[in-house]
Structure formats: structure tokens, C-alpha cells
Amino acid sequence: MMRSRRAMFFTFIAILIILVLVTGFTVGKRQVVLTSQMPVVRTRAAQTNSYVQSLSGSLLPRIVQTSGTRALMAVSAYMNSTGSSLSDPSASISEVMLNGTLGGVDLSSLGITYMQGNTVPERIQEVADLASQSQRINTTYTTGSVTLSQDNTTGPWRVRAAMNVTLFIDARLMSWNISAPIIVLIPLEGIEDPYYGMHTNDYHPAIRRSEVVSGNWTLTLFEAHLRNVTYDYDINAPSFLMRLSNASGASFCCGIESMINPADYAMDLPSTANWSYVDHCFYGHQCNASSPGDKSIWNLSGLTSYSPGAEFYGFILTQYFIGKYGLTDYVGSQVVREP
Amino acid sequence: MRTSRRGYFFLFDAFLALGAIAFGIMLIASFRSYAPSQVQPLMLAEDVMATLAGNRVEDIANTTQTGLYVSGLVANGNITDAHNTLLEQAGEFYVRGNRALADDFTVNVTRQVVPPQYGLELHINGSDQVVVVSPGSVAMADSTVLVNAKRLVSGAVNASTMWGPLLMEVRVWA
């Protein structure tokens, strides 16, 4: 009986020693996360990181580009309908992209609906709502103003839009606070030229680039250029952004010009116009005979006609454009018109 | 003296018994049914999503079978913007209402990177369209591991009309 009790006593002592050892090694030690438990946090981090990447690398640039394109279309429509120009095109387009207004006036109230549901904040909010709904990631943001520019990098056929977006992404387990500079290039082809709209009664051709490259013009190609109202680069012409402010000066990097097609102006063409039938000369009242240098204007044989209703009725050009478009073999008589 | 030795014996016996019990428990625990690692399917889902979102149509060399397939879509006019990522292109087919092509395109550009033992699906716009890339060795309903990777995509038509954002989700199971 005595031996049995001793055995129980020693067993109890052994268990006590093991408990002391286990407790001693466990209590006060830092917890180590098991590899099998890591995917939960890892998945959350990976998905949020992927969201942040796609937001700053793809979604925001897409939003700025499409909103910017629509803002240019909206501004062009506004200028066509009102006949007014923009004193600061970059600031005006920024206002349109961010608020859908121009000078504080809601464009949709003027029947211009390009920006409905397409302003930058509206589009970002759509993304934020979907992220919140599908991934439980909260996105808060602030947008800076948009700056538009053209230079040698953009060339004449694109406009650069730059804006800064500050994002706070909250995924509960982790958060991101980032400032994302968004810079995109907006193609201009397909956008109606507001310069025409301001000077005509509802005539506003879309900007389309001429297919002639390296200045290899022929009379046939020039006629097509004239008929289709396509555009060509020229260092003496105004850029697209300058056209928004009705400027007719020269843009070395980005000047574009088109020919005035008399057939499109049957009603309001001033047949006694004293300027080259090149848009910025015609509407800017430049390039005329009274300007310095050889600005004499000429009829073109085989092209210019003075029969009312004829296709190229009254079409004239100065020496500079005759040379540029390879029409020197077709120079007709000099024109002296009273403006 | 004799009593003291017996004490050592019992103590040693108790340790031995506890060791035998602990070993038995460990042995039983190790005989439980096999559970596949969650890390590998998760990495596969993320990698497939990164591949679709990081590579553009124009990046795919037309010397491979997939490249020739994609080049064919560009040539016949089904793909109008080769600058789209593969994920955006699948989204664009879906938005244009060409669901069969969205399905075919996704399977063609993804199938080769999925090991056959894993099941993989691409869910477009939530689960409005489900593209089964690989059925895997077990059905999704019978799988022990199911993980996903999500991404939002958008695109544009003629640079002025934005579509999306759409939720794209890759699901992998084993």
C-alpha cells in the first residue's frame, strides 16, 4: 500500500516537472505565425496591392484620357454653339473634366451632354464603389486641377493632360496613402475643330490628318485634301490649344491647318475675301497682301473658278502655300481684291 | 537506499509513459487525411491574374500558337487596339457582347500556364460570364482548397467612351 502511494507521488512529481518545463518555454515568448495561417493576410495584401497598382497604373489614366477627350468634345461643341472662345483653355478644360461646368454653367443645361457621368470624380467614384462592394476596400481621393499642353513630345496631333490624384486606400488590415501623378496623351483626330465653329454658322469639321507624308503633294492629292478638309502640320499655323482661344499665331511644334473648301460655305463665304483659303489666314485675317513680305495672292489654274456654284469657287493662295503644297506649276493670275 | 532507487525507477517509468502517449498522439495526428497547400493555388491565381493584366496583346510573339491565334484576331479586326492588356481585351469582348470570343480568347492565352491538376476559371463582371480554362483533377465542389485573385479593369472605345470598371476574378481550386 505504501509502495503504491509512492508510485503515485513520483508520477505526480514527473507530470509537475513537465508542466513547469512546458510553461517555462511558452509563457513570455513571442508568438510565431504558422505558415498555414499566412495566406489570409497574404491574400488581403496581394489583392489590395493589385487594386492600388491597377488604379494608379491603368484605371486612373484611362479615366483622365476618356474624360479629357470628352471635355475637348464638349468645349468644341460649346464654342460652336456660342461662338465664343476660351481665354485660358487649360483651366476651362480642367473645370469641364472635374465639374462638368464651364464658367460655372452646367454644360448639360446647354444641351451638351458629353460630360454626363463622365467627369473625373464621377468615374473615380464608380471604381471606388465597385472596390468597396467587391473587395471591401475603401477608397478616398482628392483630385488636383488638370493641365493641358502641347510640345515636341506630343506633336501636333495629341494633347498632354496631367493631373495629380491623392488616394487613401483602406483595406482594414493595411492602408495605402499615395499621390499619383497621372499623365496621358489625348489624340485629337476625330474631335471637331472649334476654330471653324466660332467663325461659321454650324460648320465644324472633325480633325483628320492628311494622308500625304513628307510633303509629296500633287494637284490631285491637294484637291482631295481640300475636298475632305483634312489637316496638315505647319510651323506658321496655330496649334489645337491655340485654336481654342481663337489665336491665329504660329506654333512651331504643333501648328495644324486645313484648306477652306468653298463648297462647304455656299451661304456665308465672303467671295471677296482677301486672304489665302487656309483656315488660320482666312479667319485670322493674316497672310494678306498688305502684310510684310511676299504675301501676294494667286489664282490656281485648273482649280480656281469664278463660276458661282463651282467646286473651288474663288479659291486663292499666297506664295508660301503654293510652294508648300507643290502647286507652283499651277500658278494663275495674281489676285487683287478689296477686302 | 532501496526505497530511493525505487523512486528513480517510478520517475523514469512516468517519463517513459508520457513519452509513449505523446508519440502516439503525434502519430495519430500525422495520419489525418492529406490537405493540399493553400499557398500554391494562391500563387497560381495571382500569377495568372498578373500575366493577364501585365501583358499586352502586342507583346505576344506571333511565332507561338497563342501568338498566331492573337495575330489572327488582330488581322481579322476582332482586336482593334493591340495596346490593350489581355485582361482588358477579354473585358472588351464581353462589353461588345461577343461572349464566345471572350471565352475562346481567355482559354487560348491562359491554358498553357495552368498545371492540369489545378482547376481555373475567369469570372468576368462578377460571375456574369464564367470562362473555364482548366477543369482540374477534381470538381470545384469537391475541392479542399479554393482561392481567388481579383482585379478591376476598364477600357475605352475610340478614346472617348469608357467601359467598365468590371470586376475580373481568377478562381483556382485543387
# chains A, B, ... in the order shown; residues from 1 in each chain; ligands from 1
>>> interface_residues(of="chain B", to="chain A", cutoff="10 Å", atoms="only C-alpha atoms", output="ChimeraX atom specification")
/B:3,6-15,17-18,37-39,42-43,46,49-50,53-54,85,126,147-167
>>> residues_around(residues="region 111-115 of chain B", least_positions_apart="3", cutoff="7 Å", atoms="only C-alpha atoms", output="compact mmCIF listing (two decimals) with N, CA, C and O atoms, in the first residue's frame")
# COMPACT_ATOMS: atom_id res chain seq x y z
N VAL B 107 -9.28 31.34 -72.85
CA VAL B 107 -8.77 29.98 -72.78
C VAL B 107 -7.46 29.86 -73.56
O VAL B 107 -6.48 29.29 -73.08
N ASN B 108 -7.41 30.46 -74.73
CA ASN B 108 -6.22 30.36 -75.57
C ASN B 108 -4.98 31.02 -74.96
O ASN B 108 -3.89 30.52 -75.10
N TYR B 118 -4.74 21.62 -61.41
CA TYR B 118 -5.49 22.73 -60.83
C TYR B 118 -6.67 23.11 -61.73
O TYR B 118 -6.53 23.17 -62.95
N VAL B 133 -11.09 27.67 -67.80
CA VAL B 133 -9.82 27.49 -68.51
C VAL B 133 -9.32 26.07 -68.31
O VAL B 133 -8.85 25.43 -69.25
N SER B 134 -9.41 25.58 -67.08
CA SER B 134 -8.97 24.21 -66.79
C SER B 134 -9.94 23.59 -65.78
O SER B 134 -10.22 24.19 -64.74
>>> residues_around(residues="Thr82 (chain A)", least_positions_apart="3", cutoff="10 Å", atoms="only C-alpha atoms", output="PyMOL selection string")
chain A and resi 76-79+85+110+197-198
>>> select_by_dssp(residues="region 105-312 of chain A", states="strand (DSSP E or B)", output="number ranges by chain")
A: 105-106, 138-143, 147-149, 158-170, 175-187, 192, 206, 209, 231-233, 256-259, 278, 297-300, 305
>>> closest_residue(among="B:Asp103, B:Glu88, B:Glu58, B:Asp81", to="Glu121 (chain B)", atoms="only C-alpha atoms")
B:Asp103
>>> closest_residue(among="A:Pro262, A:Glu223, A:Asn138, A:Pro156", to="Ser307 (chain A)", atoms="only C-alpha atoms")
A:Pro262
>>> atom_distance(atom1="CA of Val120 (chain A)", atom2="CA of Thr166 (chain A)")
13.1 Å
